[in-house]
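query-v7.txt, holding compact mmCIF, C-alpha atoms:
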# COMPACT_ATOMS: atom_id res chain seq x y z
CA MET G 34 88.53 80.80 89.62
CA ALA G 35 91.79 81.85 88.06
CA VAL G 36 94.06 84.02 90.19
CA TRP G 37 95.57 85.91 87.24
CA ASN G 38 93.40 87.18 84.39
CA VAL G 39 94.24 89.32 81.36
CA VAL G 40 92.09 92.46 81.35
CA ASN G 41 93.73 94.14 78.37
CA HIS G 42 96.80 93.71 76.19
CA THR G 43 97.79 96.46 73.77
CA GLU G 44 100.82 96.77 71.50
CA LEU G 45 101.17 99.86 69.35
CA SER G 46 101.33 99.28 65.61
CA SER G 47 102.50 102.87 65.11
CA GLY G 48 103.66 105.76 67.26
CA ASN G 49 101.12 107.36 69.56
CA ALA G 50 101.15 109.75 72.52
CA THR G 51 98.70 107.50 74.37
CA LEU G 52 99.75 103.93 75.03
CA ILE G 53 96.38 102.90 76.40
CA ASP G 54 93.18 104.50 77.60
CA VAL G 55 91.25 101.48 78.80
CA THR G 56 87.72 102.08 80.05
CA SER G 57 85.03 99.99 81.70
CA ILE G 58 87.47 97.91 83.72
CA SER G 59 85.52 95.32 85.66
CA SER G 60 85.45 95.66 89.43
CA SER G 61 85.48 91.90 89.88
CA TYR G 62 89.14 91.49 90.84
CA ASP G 63 90.98 92.21 94.07
CA HIS G 64 93.98 94.01 92.55
CA LEU G 65 95.29 95.14 89.20
CA TYR G 66 98.82 94.58 87.93
CA LEU G 67 100.42 96.14 84.85
CA MET G 68 103.47 95.02 82.91
CA ALA G 69 104.61 97.43 80.19
CA SER G 70 107.48 97.70 77.73
CA ILE G 71 107.78 101.29 76.50
CA ARG G 72 109.98 103.63 74.49
CA SER G 73 109.47 107.26 73.51
CA ASP G 74 110.44 109.09 70.34
CA LYS G 75 111.60 112.11 72.34
CA ALA G 76 114.73 113.45 70.64
CA SER G 77 118.13 114.34 72.07
CA THR G 78 117.86 112.38 75.31
CA THR G 79 118.21 108.80 76.49
CA ARG G 80 115.36 108.98 78.99
CA THR G 81 112.04 110.72 79.47
CA ASN G 82 108.89 110.29 81.57
CA SER G 83 105.51 108.68 81.08
CA GLU G 84 102.38 109.39 83.08
CA ILE G 85 99.34 107.49 84.38
CA GLN G 86 95.87 108.76 85.26
CA PHE G 87 92.84 106.97 86.67
CA ASN G 88 89.19 107.51 85.71
CA GLY G 89 90.09 110.51 83.52
CA ASP G 90 90.98 112.51 86.61
CA THR G 91 93.21 115.42 85.56
CA GLY G 92 92.99 117.13 88.94
CA ASN G 93 95.87 117.50 91.38
CA ASN G 94 95.01 114.30 93.21
CA TYR G 95 98.13 112.22 92.74
CA ASP G 96 101.03 111.94 95.19
CA THR G 97 104.23 109.96 94.76
CA VAL G 98 107.49 109.21 96.54
CA HIS G 99 110.39 107.99 94.38
CA ILE G 100 113.70 106.27 95.02
CA TYR G 101 115.86 106.96 92.00
CA SER G 102 119.33 106.15 90.75
CA GLY G 103 120.65 107.18 87.38
CA GLY G 104 124.38 107.07 87.57
CA ASN G 105 127.55 105.18 88.27
CA ASN G 106 128.74 105.12 91.88
CA ASN G 107 126.32 107.87 92.77
CA THR G 108 124.07 108.01 95.80
CA PRO G 109 120.45 107.20 94.99
CA THR G 110 118.08 110.02 95.76
CA SER G 111 114.50 110.19 96.93
CA TYR G 112 111.98 112.87 96.08
CA LYS G 113 108.24 113.38 96.29
CA GLN G 114 105.55 114.91 94.13
CA ASN G 115 102.52 116.11 96.05
CA GLY G 116 99.24 117.21 94.53
CA VAL G 117 100.10 116.67 90.87
CA ASP G 118 97.82 115.76 87.99
CA SER G 119 99.14 112.24 87.29
CA PHE G 120 101.56 109.55 88.42
CA ASP G 121 104.50 111.13 86.64
CA ASP G 122 108.20 110.43 86.11
CA ILE G 123 107.84 106.82 84.96
CA GLU G 124 111.15 105.78 83.43
CA THR G 125 110.88 105.71 79.62
CA ALA G 126 113.66 105.06 77.11
CA ALA G 127 113.98 107.81 74.48
CA ALA G 128 115.56 108.34 71.09
CA ASP G 129 119.19 108.43 72.22
CA CYS G 130 118.92 105.24 74.25
CA LEU G 131 120.49 102.10 72.83
CA ALA G 132 118.53 101.18 69.67
CA ASP G 133 115.70 98.67 70.09
CA THR G 134 115.82 99.04 73.88
CA PHE G 135 112.59 99.57 75.78
CA SER G 136 112.00 100.54 79.39
CA PHE G 137 109.93 98.30 81.63
CA LEU G 138 107.14 99.23 83.99
CA GLU G 139 105.49 97.06 86.61
CA MET G 140 102.63 98.53 88.61
CA TRP G 141 100.46 97.14 91.38
CA ILE G 142 97.14 98.87 92.03
CA TYR G 143 95.87 97.52 95.30
CA ASN G 144 92.15 97.15 96.09
CA TYR G 145 91.36 99.25 93.04
CA SER G 146 87.60 98.84 93.33
CA ASN G 147 87.34 99.67 97.03
CA THR G 148 85.05 102.69 97.50
CA THR G 149 86.13 103.70 101.01
CA HIS G 150 89.92 103.92 100.59
CA PHE G 151 92.28 106.04 98.54
CA LYS G 152 94.17 103.93 96.01
CA GLN G 153 97.73 102.92 96.87
CA CYS G 154 100.12 101.85 94.11
CA LEU G 155 103.64 100.49 93.73
CA LEU G 156 105.53 101.24 90.52
CA LEU G 157 108.84 99.73 89.41
CA SER G 158 110.34 101.24 86.27
CA GLY G 159 113.73 101.30 84.63
CA THR G 160 115.66 102.37 81.56
CA PRO G 161 118.61 100.12 80.78
CA ASP G 162 121.32 101.35 78.43
CA ASN G 163 124.73 100.17 77.27
CA ASP G 164 126.37 103.43 78.34
CA ALA G 165 127.34 103.29 82.00
CA ALA G 166 127.74 107.05 82.21
CA GLU G 167 125.79 109.24 84.57
CA HIS G 168 122.06 109.46 83.77
CA LYS G 169 122.25 107.35 80.61
CA GLY G 170 119.91 104.90 82.30
CA GLY G 171 117.75 104.97 85.38
CA ILE G 172 116.08 102.85 88.05
CA LYS G 173 113.03 104.01 89.94
CA VAL G 174 110.92 102.57 92.75
CA THR G 175 107.77 104.60 93.33
CA SER G 176 105.00 104.58 95.90
CA GLY G 177 101.87 106.44 94.84
CA VAL G 178 98.41 107.30 96.06
CA TRP G 179 95.41 108.55 94.11
CA SER G 180 93.31 110.57 96.54
CA SER G 181 89.95 109.26 95.47
CA THR G 182 87.57 106.69 96.90
CA ALA G 183 86.06 105.99 93.49
CA ALA G 184 86.49 102.52 92.07
CA ILE G 185 89.07 102.58 89.29
CA ASP G 186 87.46 101.67 85.97
CA ARG G 187 89.75 103.54 83.57
CA ILE G 188 93.54 103.64 83.17
CA LYS G 189 95.40 105.93 80.81
CA ILE G 190 99.15 105.73 80.11
CA PHE G 191 100.46 108.65 78.11
CA GLN G 192 103.21 111.16 77.43
CA GLY G 193 102.81 114.89 77.60
CA SER G 194 104.25 115.94 74.26
CA ASP G 195 105.96 112.95 72.67
CA ASP G 196 104.90 109.59 71.26
CA PHE G 197 105.43 106.03 72.35
CA VAL G 198 107.14 104.21 69.50
CA GLN G 199 105.81 101.20 67.65
CA TYR G 200 105.97 97.93 69.64
CA SER G 201 105.45 99.66 72.97
CA ASN G 202 103.03 97.46 74.83
CA VAL G 203 101.22 96.91 78.10
CA THR G 204 99.22 94.14 79.70
CA ILE G 205 96.73 94.76 82.51
CA TYR G 206 96.11 91.78 84.77
CA GLY G 207 93.24 91.32 87.21
CA ILE G 208 94.35 89.45 90.33
CA ASN G 209 91.93 87.43 92.42
CA GLY G 210 92.20 86.28 95.99
CA ALA G 211 90.46 83.27 97.41
CA ALA G 212 86.77 83.03 96.58
CA MET V 143 94.30 78.19 80.88
CA ALA V 144 96.46 79.80 83.54
CA ILE V 145 98.14 83.14 82.87
CA ILE V 146 101.16 82.25 84.97
CA GLU V 147 102.58 78.76 84.57
CA ALA V 148 105.52 77.09 86.26
CA ILE V 149 107.63 75.93 83.31
CA GLU V 150 110.32 74.14 85.26
CA THR V 151 111.75 73.86 88.74
CA VAL V 152 115.38 72.84 89.17
CA TYR V 153 116.41 71.48 92.55
CA LEU V 154 120.08 70.61 92.69
CA GLU V 155 120.62 67.12 94.04
CA ALA V 156 124.36 67.68 93.54
CA ASP V 157 126.63 70.69 93.12
CA ALA V 158 126.38 72.12 89.59
CA ALA V 159 128.51 74.47 87.49
CA ASN V 160 125.42 76.13 86.02
CA ILE V 161 121.66 75.92 85.75
CA THR V 162 120.21 76.22 82.24
CA PHE V 163 116.63 76.49 81.01
CA SER V 164 116.05 75.79 77.33
CA SER V 165 112.36 74.94 76.89
CA ILE V 166 110.92 78.39 77.39
CA ALA V 167 108.77 79.36 74.39
CA GLY V 168 105.14 80.41 74.49
CA TYR V 169 104.86 83.33 76.92
CA GLU V 170 105.06 87.13 76.97
CA HIS V 171 107.43 87.45 79.94
CA LEU V 172 109.50 85.10 82.08
CA GLU V 173 110.20 85.13 85.80
CA LEU V 174 112.84 83.22 87.73
CA ILE V 175 112.55 82.68 91.47
CA MET V 176 115.99 81.76 92.79
CA SER V 177 117.33 80.35 96.04
CA LEU V 178 121.07 79.87 95.57
CA ARG V 179 124.24 79.11 97.49
CA GLY V 180 127.79 78.60 96.21
CA THR V 181 130.52 76.07 96.96
CA ARG V 182 133.35 78.58 97.39
CA ASP V 183 135.16 77.95 100.68
CA THR V 184 136.59 81.34 101.44
CA SER V 185 134.01 83.94 100.52
CA GLN V 186 130.82 84.72 98.64
CA ILE V 187 130.25 84.00 94.96
CA TYR V 188 128.35 86.10 92.42
CA THR V 189 125.44 84.84 90.36
CA GLU V 190 125.58 85.78 86.69
CA ALA V 191 123.15 85.20 83.81
CA THR V 192 123.55 84.79 80.06
CA LEU V 193 120.99 84.37 77.28
CA ASN V 194 121.19 82.08 74.23
CA ALA V 195 124.69 80.99 75.32
CA ASP V 196 126.00 84.41 74.26
CA ASP V 197 129.28 85.13 76.05
CA GLY V 198 129.99 88.25 74.01
CA SER V 199 130.25 91.78 75.39
CA ASN V 200 126.55 92.44 74.95
CA TYR V 201 125.19 92.84 78.47
CA SER V 202 124.72 95.97 80.55
CA THR V 203 123.49 96.13 84.12
CA ARG V 204 122.62 98.95 86.52
CA ARG V 205 121.67 98.77 90.17
CA ILE V 206 120.67 100.43 93.39
CA HIS V 207 122.72 98.73 96.08
CA ALA V 208 122.40 98.69 99.84
CA SER V 209 124.76 96.85 102.18
CA GLY V 210 125.12 97.67 105.83
CA GLY V 211 125.30 101.44 105.94
CA ASN V 212 126.22 101.76 102.27
CA LEU V 213 123.78 102.96 99.64
CA TYR V 214 124.84 103.71 96.10
CA GLY V 215 124.03 103.40 92.40
CA GLN V 216 126.31 101.52 90.06
CA SER V 217 126.36 100.56 86.41
CA THR V 218 128.42 98.42 84.10
CA ALA V 219 128.34 97.97 80.32
CA SER V 220 129.64 95.71 77.55
CA ASP V 221 129.98 92.72 79.86
CA SER V 222 129.90 89.04 78.99
CA ASP V 223 126.93 88.44 81.30
CA PHE V 224 124.22 90.14 83.32
CA PHE V 225 125.08 91.24 86.87
CA ASN V 226 128.85 90.97 86.67
CA ASN V 227 129.71 90.95 90.40
CA TYR V 228 126.40 92.39 91.60
CA ASN V 229 124.49 89.35 92.86
CA SER V 230 126.45 88.45 96.01
CA THR V 231 125.54 84.88 96.84
CA SER V 232 125.97 83.03 100.12
CA SER V 233 128.86 80.62 100.24
CA GLY V 234 131.85 79.65 102.38
CA VAL V 235 132.54 77.19 105.13
CA SER V 236 133.13 79.85 107.75
CA GLY V 237 129.60 81.21 107.66
CA ARG V 238 126.24 79.72 108.37
CA ALA V 239 125.51 76.73 106.21
CA ASP V 240 121.79 77.36 106.02
CA LEU V 241 121.98 80.67 104.14
CA TYR V 242 120.70 80.70 100.58
CA SER V 243 120.45 83.97 98.66
CA TYR V 244 117.19 84.97 97.03
CA GLY V 245 116.43 86.61 93.71
CA ARG V 246 113.43 87.36 91.52
CA LEU V 247 114.39 88.01 87.91
CA THR V 248 111.91 89.20 85.28
CA ILE V 249 112.72 88.95 81.56
CA TYR V 250 110.43 91.16 79.49
CA ASP V 251 109.13 90.52 75.98
CA TYR V 252 111.77 87.85 75.52
CA LEU V 253 110.42 86.60 72.19
CA HIS V 254 109.94 90.01 70.56
CA ALA V 255 111.92 90.31 67.32
CA ASN V 256 112.05 94.12 67.46
CA LYS V 257 113.31 94.59 70.98
CA ASN V 258 116.51 94.02 72.84
CA THR V 259 115.76 91.87 75.87
CA THR V 260 115.48 93.86 79.08
CA ILE V 261 115.46 92.49 82.60
CA SER V 262 114.87 93.60 86.15
CA GLU V 263 115.70 91.86 89.38
CA CYS V 264 115.33 92.11 93.12
CA TRP V 265 118.20 90.39 94.91
CA THR V 266 118.68 89.96 98.61
CA THR V 267 121.09 88.05 100.77
CA LEU V 268 122.66 87.71 104.14
CA LEU V 269 126.25 86.55 104.13
CA GLY V 270 128.77 84.86 106.41
CA ASP V 271 127.58 84.79 110.03
CA VAL V 272 124.54 86.93 109.02
CA SER V 273 126.15 90.09 110.39
CA TYR V 274 126.38 91.39 106.83
CA GLY V 275 123.88 91.46 103.99
CA GLN V 276 123.00 93.12 100.72
CA THR V 277 119.90 94.20 98.84
CA ASP V 278 119.95 95.14 95.17
CA ARG V 279 117.49 96.47 92.63
CA ASN V 280 118.99 95.57 89.25
CA ILE V 281 118.02 96.31 85.65
CA GLY V 282 119.76 95.38 82.42
CA VAL V 283 119.69 94.98 78.68
CA TRP V 284 121.02 92.32 76.32
CA ASP V 285 121.95 94.09 73.10
CA ASN V 286 120.32 91.56 70.82
CA THR V 287 116.83 91.39 69.29
CA ALA V 288 116.89 87.60 68.91
CA ALA V 289 114.19 85.62 70.66
CA VAL V 290 115.53 84.26 73.91
CA THR V 291 115.72 80.47 73.67
CA SER V 292 117.84 79.64 76.69
CA ILE V 293 118.80 81.12 80.06
CA LYS V 294 121.91 80.14 81.96
CA LEU V 295 122.69 81.00 85.58
CA ARG V 296 126.32 80.51 86.57
CA PRO V 297 128.56 81.36 89.52
CA GLY V 298 131.12 84.09 88.99
CA SER V 299 134.41 84.63 90.82
CA GLY V 300 136.23 81.59 89.53
CA SER V 301 135.56 77.92 89.13
CA TYR V 302 132.87 77.41 91.70
CA ASN V 303 129.55 75.62 91.65
CA PHE V 304 126.05 76.20 92.88
CA LEU V 305 125.66 74.14 96.02
CA ARG V 306 123.40 71.14 96.33
CA GLY V 307 120.00 72.31 97.55
CA SER V 308 119.93 75.43 95.40
CA THR V 309 116.56 75.86 93.71
CA ILE V 310 115.23 77.87 90.75
CA THR V 311 111.69 77.97 89.42
CA LEU V 312 111.03 79.42 85.96
CA ASN V 313 107.55 80.87 85.44
CA GLY V 314 106.01 81.94 82.16
CA ILE V 315 103.59 84.89 82.10
CA LYS V 316 101.07 85.14 79.26
CA SER V 317 99.34 88.22 77.86
CA SER V 318 96.27 86.55 76.38
Structure re-expressed in structure tokens:
Amino acid sequence: MAVWNVVNHTELSSGNATLIDVTSISSSYDHLYLMASIRSDKASTTRTNSEIQFNGDTGNNYDTVHIYSGGNNNTPTSYKQNGVDSFDDIETAAADCLADTFSFLEMWIYNYSNTTHFKQCLLLSGTPDNDAAEHKGGIKVTSGVWSSTAAIDRIKIFQGSDDFVQYSNVTIYGINGAA
Amino acid sequence: MAIIEAIETVYLEADAANITFSSIAGYEHLELIMSLRGTRDTSQIYTEATLNADDGSNYSTRRIHASGGNLYGQSTASDSDFFNNYNSTSSGVSGRADLYSYGRLTIYDYLHANKNTTISECWTTLLGDVSYGQTDRNIGVWDNTAAVTSIKLRPGSGSYNFLRGSTITLNGIKSS
């Protein structure tokens, strides 16, 4: 049995507010892992945020703690978001970022099909840029929990009011342990 | 067919001025797992990376850095390599000889013709007599949409080498 398996790979052929809304994810893996390369068309800024929801849940059931740095010689900050309606504040390059430059996102969703535990996640995201000035780029390390015991069978990655640009992509991997 | 494949492992049988990977096609993303030590006698070295043998001012790197009681963000742009002096790497005859620094470098969408190549890295090391260490979370961009065909790791801070025993494994990650 393969340890790593591709559940879904999507690359946008044109701009769209939703990167993916994958349904009917099999419960046959131990963990899920996402690798994404994303850029927004949001104007007049180098960086914006993307969001993630599970199982179509738009309730205030998501909590996150972030470590963030966006400047030169600054002190990284931490902040939390309690009881919000998505995993928010995922680093996303925007229109004023260096041309052709996409943010990355890696996300672990541990024991996603367990029906007795809330779902813990680790997100690593970043916006590189060729301008070293304050807030022209950003690094984020995020711990998140979805307060639901339901097995995750649907993942949506989206922006609130802007579009992901063409070539934004994401791969969802299913990770197996020993049989 | 495996989704993650080990493309190549380099184990240095002798000190080397650089480590280069050039047979890397066929994957969506690449990952390097590094265990490195330098030959510099007096202090640490820095581990730098270039793509496609490009030594132009086309690399930018940003990091969250922790060392001892220090915690700060830092960024650098228009450099001739990734990481500049960020990846502190064990070295020196005055410190413990068994210290090798560790890094995990991910190179995203490296073949995509419409994207600059972006990277992220976790880097960690203890230095000298192990009373001092550093941890970094690095990201960067190479301002070039060319497909990446080679990756070079090299020591910074002068004419030093990677020490015998240093090891790097290059993994390829598929998306189908």
request  = Would you kindly report the residues of chain G within 9 Å of chain V, using all atoms listed in the file, as a VMD selection string?
outcome  = chain G and resid 35 to 42 68 to 70 101 to 109 131 to 137 158 to 167 170 to 172 174 200 203 to 206
task = List the neighbours of Tyr145 (chain G) out to 10 Å using all atoms listed in the file; skip same-chain residues closer than 2 positions along the sequence, and give me the result as a PyMOL selection string.
result = chain G and resi 60-65+141-143+147-148+150-154+182-186
ask   = Which residue out of V:Leu295, V:Ile161, V:Leu174, V:Val272 has the minimum interatomic distance to Gly245 (chain V) when only C-alpha atoms are used?
value =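 For Gly245 (chain V), the nearest of the candidates is V:Leu174.
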ask   = From the list V:Ile187, V:Leu172, V:Ala148, V:Leu154, which residue is nearest Ile293 (chain V) when using only C-alpha atoms?
value =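 Closest candidate: V:Leu172.
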key: Two-atom distance - CA of Thr231 (chain V), CA of Thr175 (chain G) (Å)   = 26.8 Å
Restricted to C-alpha atoms, what does region 153-168 of chain G look like when written out as a compact mmCIF listing (two decimals), in the first residue's frame?
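Writing the result to result01.txt gives the following:
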# COMPACT_ATOMS: atom_id res chain seq x y z
CA GLN G 153 -6.09 19.62 14.29
CA CYS G 154 -4.19 21.21 11.41
CA LEU G 155 -0.78 22.74 10.72
CA LEU G 156 -0.50 25.36 7.99
CA LEU G 157 2.70 26.84 6.56
CA SER G 158 2.22 29.70 4.12
CA GLY G 159 4.35 32.46 2.70
CA THR G 160 4.49 35.30 0.20
CA PRO G 161 7.97 35.93 -1.17
CA ASP G 162 8.71 39.22 -2.90
CA ASN G 163 11.76 41.01 -4.28
CA ASP G 164 11.07 44.08 -2.16
CA ALA G 165 12.60 43.70 1.29
CA ALA G 166 10.50 46.51 2.71
CA GLU G 167 8.10 46.10 5.59
CA HIS G 168 5.06 43.94 4.78
